[in-house]
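Notes for the one structure printed next.
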Amino acid sequence: MSKPIIRIGVSACLLGENVRYDGGHRRNSYVTETLAEHFELVPVCPESELGMGVPRETVDLEGDISAPQMIGTHTRKDWTQSMNCWALNKIQDLAPLALCGFVMKKGSPSCGVYRVPVIQENGESLPEGRGLFAQAYMRANPEIPVEDELRLEDPLVQAEFQAKVMALHQSRQK
Ligand code: SF4
């Protein structure tokens with residue numbers, strides 16, 4: 001019997017795609033070797049897919065921790081609305097793939113899940129935010145396990161993540 005196809009979304013830079021602001025990648029061997037053995041990996045790069053370019057200016061999150069603005073570091077270009085709109089469309093486009101999990105790049109103003117810095121009016125940077133795409137994705141899909149690459153360095157977190165992915169896949173077969 002052929003193996004079922006179980007799909008996981010992945011921040012594209014973790015797969016070795018050269019989509020980062022500096023034209024590089026952050027290939028992650030747990031993703032490209034271990035997860036790729038068991039799951040079909042679906043790359044997503046919010047910033048390059050939105051059309052911000054590669055290479056591109058870095059962006060920062062600013063303001064309200066729960067609904068921050070995405071602002072160009074030097075030009076002060078405001079990407080917030082276009083990124084939030086793009087994220088909602090992308091989430092719809094991904095729905096037919098029935099992703100059972102998502103691995104996001106740590107610390108990114110688009111993909112970061114935990115402790116993304118959000119700059120306050122007084123210049124202080126609070127490590128309490130979430131990237132705009134990660135935020136939108138998790139709000140729209142609360143049942144889908146989402147992890148970041150940093151936490152997935154821990155074998156216990158790896159095992160728990162893979163178990164949750166399998167459990168979600170199985171629950172959808174009923
Ligand atoms: S962290 Fe997200 S937005 Fe940044 S390069 Fe990787 S996939 Fe693209």
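Following the order of the structure tokens, chains are lettered A, B, ..., residues in each are numbered from 1, and ligands are numbered from 1.
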
Counting only C-alpha atoms and all ligand atoms, which residues of chain A fall within 10 Å of ligand 1, and what is the closest atom pair for each with its distance in Å at one decimal, ordered by chain and rising number, as CSV?
residue,atom,partner,partner_atom_place_in_ligand_line,distance
A:Val10,CA,ligand 1,7 (S),7.6
A:Ser11,CA,ligand 1,7 (S),3.9
A:Ala12,CA,ligand 1,7 (S),4.5
A:Cys13,CA,ligand 1,6 (Fe),4.3
A:Leu14,CA,ligand 1,6 (Fe),6.7
A:Leu15,CA,ligand 1,7 (S),9.0
A:Gly16,CA,ligand 1,6 (Fe),9.5
A:Glu17,CA,ligand 1,5 (S),8.4
A:Asn18,CA,ligand 1,5 (S),7.8
A:Val19,CA,ligand 1,5 (S),4.9
A:Arg20,CA,ligand 1,5 (S),3.7
A:Tyr21,CA,ligand 1,5 (S),6.4
A:Asp22,CA,ligand 1,5 (S),8.9
A:Gly23,CA,ligand 1,5 (S),8.6
A:Gly24,CA,ligand 1,5 (S),8.2
A:His25,CA,ligand 1,5 (S),7.0
A:Arg26,CA,ligand 1,6 (Fe),7.6
A:Arg27,CA,ligand 1,6 (Fe),9.8
A:Pro43,CA,ligand 1,7 (S),7.8
A:Val44,CA,ligand 1,7 (S),5.9
A:Cys45,CA,ligand 1,7 (S),3.7
A:Pro46,CA,ligand 1,3 (S),4.7
A:Glu47,CA,ligand 1,3 (S),4.4
A:Ser48,CA,ligand 1,8 (Fe),6.1
A:Glu49,CA,ligand 1,8 (Fe),8.1
A:Leu50,CA,ligand 1,3 (S),9.3
A:Met52,CA,ligand 1,3 (S),9.6
A:Val54,CA,ligand 1,5 (S),9.0
A:Pro55,CA,ligand 1,5 (S),9.8
A:Thr58,CA,ligand 1,4 (Fe),9.4
A:Val59,CA,ligand 1,4 (Fe),9.9
A:Val103,CA,ligand 1,7 (S),9.9
A:Met104,CA,ligand 1,2 (Fe),7.0
A:Lys105,CA,ligand 1,1 (S),4.8
A:Lys106,CA,ligand 1,1 (S),7.2
A:Gly107,CA,ligand 1,1 (S),7.7
A:Ser108,CA,ligand 1,1 (S),5.0
A:Pro109,CA,ligand 1,3 (S),7.5
A:Ser110,CA,ligand 1,3 (S),5.2
A:Cys111,CA,ligand 1,2 (Fe),4.7
A:Gly112,CA,ligand 1,1 (S),7.1
A:Gly131,CA,ligand 1,2 (Fe),8.8
A:Leu132,CA,ligand 1,3 (S),9.7
A:Phe133,CA,ligand 1,2 (Fe),8.4
A:Ala134,CA,ligand 1,2 (Fe),9.1

* Mind listing the strand (DSSP E) residues of range 59-139 of chain A, per DSSP on the backbone, as a ChimeraX atom specification? => /A:59-62,69-72,102-104,116-119,125-129

With C-alpha atoms retained, could you export that selection as a PDB file, in the first residue's frame?
ATOM      1  CA  VAL A  59      11.633  45.141   8.160  1.00  0.00           C
ATOM      2  CA  ASP A  60      10.821  45.480  11.849  1.00  0.00           C
ATOM      3  CA  LEU A  61       7.669  45.058  13.873  1.00  0.00           C
ATOM      4  CA  GLU A  62       6.593  48.165  15.740  1.00  0.00           C
ATOM      5  CA  GLN A  69       3.038  47.382  12.125  1.00  0.00           C
ATOM      6  CA  MET A  70       5.637  45.996   9.681  1.00  0.00           C
ATOM      7  CA  ILE A  71       7.967  48.871   8.797  1.00  0.00           C
ATOM      8  CA  GLY A  72      11.051  49.091   6.554  1.00  0.00           C
ATOM      9  CA  PHE A 102       3.889  24.248   9.878  1.00  0.00           C
ATOM     10  CA  VAL A 103       7.539  24.915  10.709  1.00  0.00           C
ATOM     11  CA  MET A 104       8.416  28.597  10.820  1.00  0.00           C
ATOM     12  CA  VAL A 116       9.759  38.271  17.904  1.00  0.00           C
ATOM     13  CA  PRO A 117      11.009  41.774  18.844  1.00  0.00           C
ATOM     14  CA  VAL A 118       8.447  44.571  18.629  1.00  0.00           C
ATOM     15  CA  ILE A 119       9.900  48.103  18.802  1.00  0.00           C
ATOM     16  CA  SER A 125      12.404  46.367  21.767  1.00  0.00           C
ATOM     17  CA  LEU A 126      10.094  43.880  23.479  1.00  0.00           C
ATOM     18  CA  PRO A 127      10.667  40.230  22.530  1.00  0.00           C
ATOM     19  CA  GLU A 128       6.992  39.343  22.816  1.00  0.00           C
ATOM     20  CA  GLY A 129       5.606  39.517  19.292  1.00  0.00           C
TER      21      GLY A 129
END

* Give me the residues within 10 Å of Leu97 in chain A as a list in words, counting only C-alpha atoms and dropping any in the same chain fewer than 6 places off. =>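 Non-adjacent residues within range: Ile6, Arg7, Ile8, Gly9 and Val42 of chain A.
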
* Selection near Glu143 in chain A, 9 Å with only C-alpha atoms, sequence-local residues under 5 positions removed, as a PyMOL selection string -> chain A and resi 100+138+168

* Spatial neighbours of Leu88 in chain A, 10 Å, only C-alpha atoms, chain gap at least 5 places, as a list in words ->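 That gives Met83, Asp93, Phe133, Ala136, Tyr137 and Ala140 of chain A.
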
* To do: Can you work out the spacing between CA of Glu160 in chain A and CA of Ile91 in chain A in Å, to one decimal?
  =>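 Answer for the CA of Glu160 in chain A to CA of Ile91 in chain A separation: 24.2 Å.
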
* To do: Rank A:Glu124, A:Glu37, A:Asp154, A:Glu57 by their smallest atom-to-atom distance to Lys77 in chain A, using only C-alpha atoms, and report the top residue only.
  => A:Glu57

* Would you please work out which residue, of A:Val146, A:Glu121, A:Gly63, A:Gly51, is nearest to Ser82 in chain A when using only C-alpha atoms? => A:Gly51

* Smallest atom-to-atom distance to Ala95 in chain A: which of A:Ile144, A:Leu41, A:Arg115, A:Glu153, using only C-alpha atoms? ->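 Checking each of A:Ile144, A:Leu41, A:Arg115, A:Glu153 against Ala95 in chain A, counting only C-alpha atoms, the winner is A:Ile144.
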
* Enumerate the residues of chain A with a DSSP assignment of helix (DSSP H, G or I), computed from the backbone, and present them as a PyMOL selection string. => chain A and resi 12-15+29-38+46-50+80-97+132-140+151-153+155-173

* Excluding same-chain residues fewer than 4 positions from Thr34 in chain A, what lies within 12 Å of it counting only C-alpha atoms, as an MDAnalysis selection string? -> chainID A and resid 15 28:30 38:41 152:153 155 158:159 162

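Distance annotation: of A:Lys164, A:Arg139, A:His74, A:Arg56, the residue with the minimal separation from Gly101 in chain A is A:Lys164; atom set is only C-alpha atoms.
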
* Work out how far CA of Asn84 in chain A is from CA of Ala67 in chain A, in Å to one decimal. =>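 Result for CA of Ala67 in chain A versus CA of Asn84 in chain A: 10.3 Å, one decimal.
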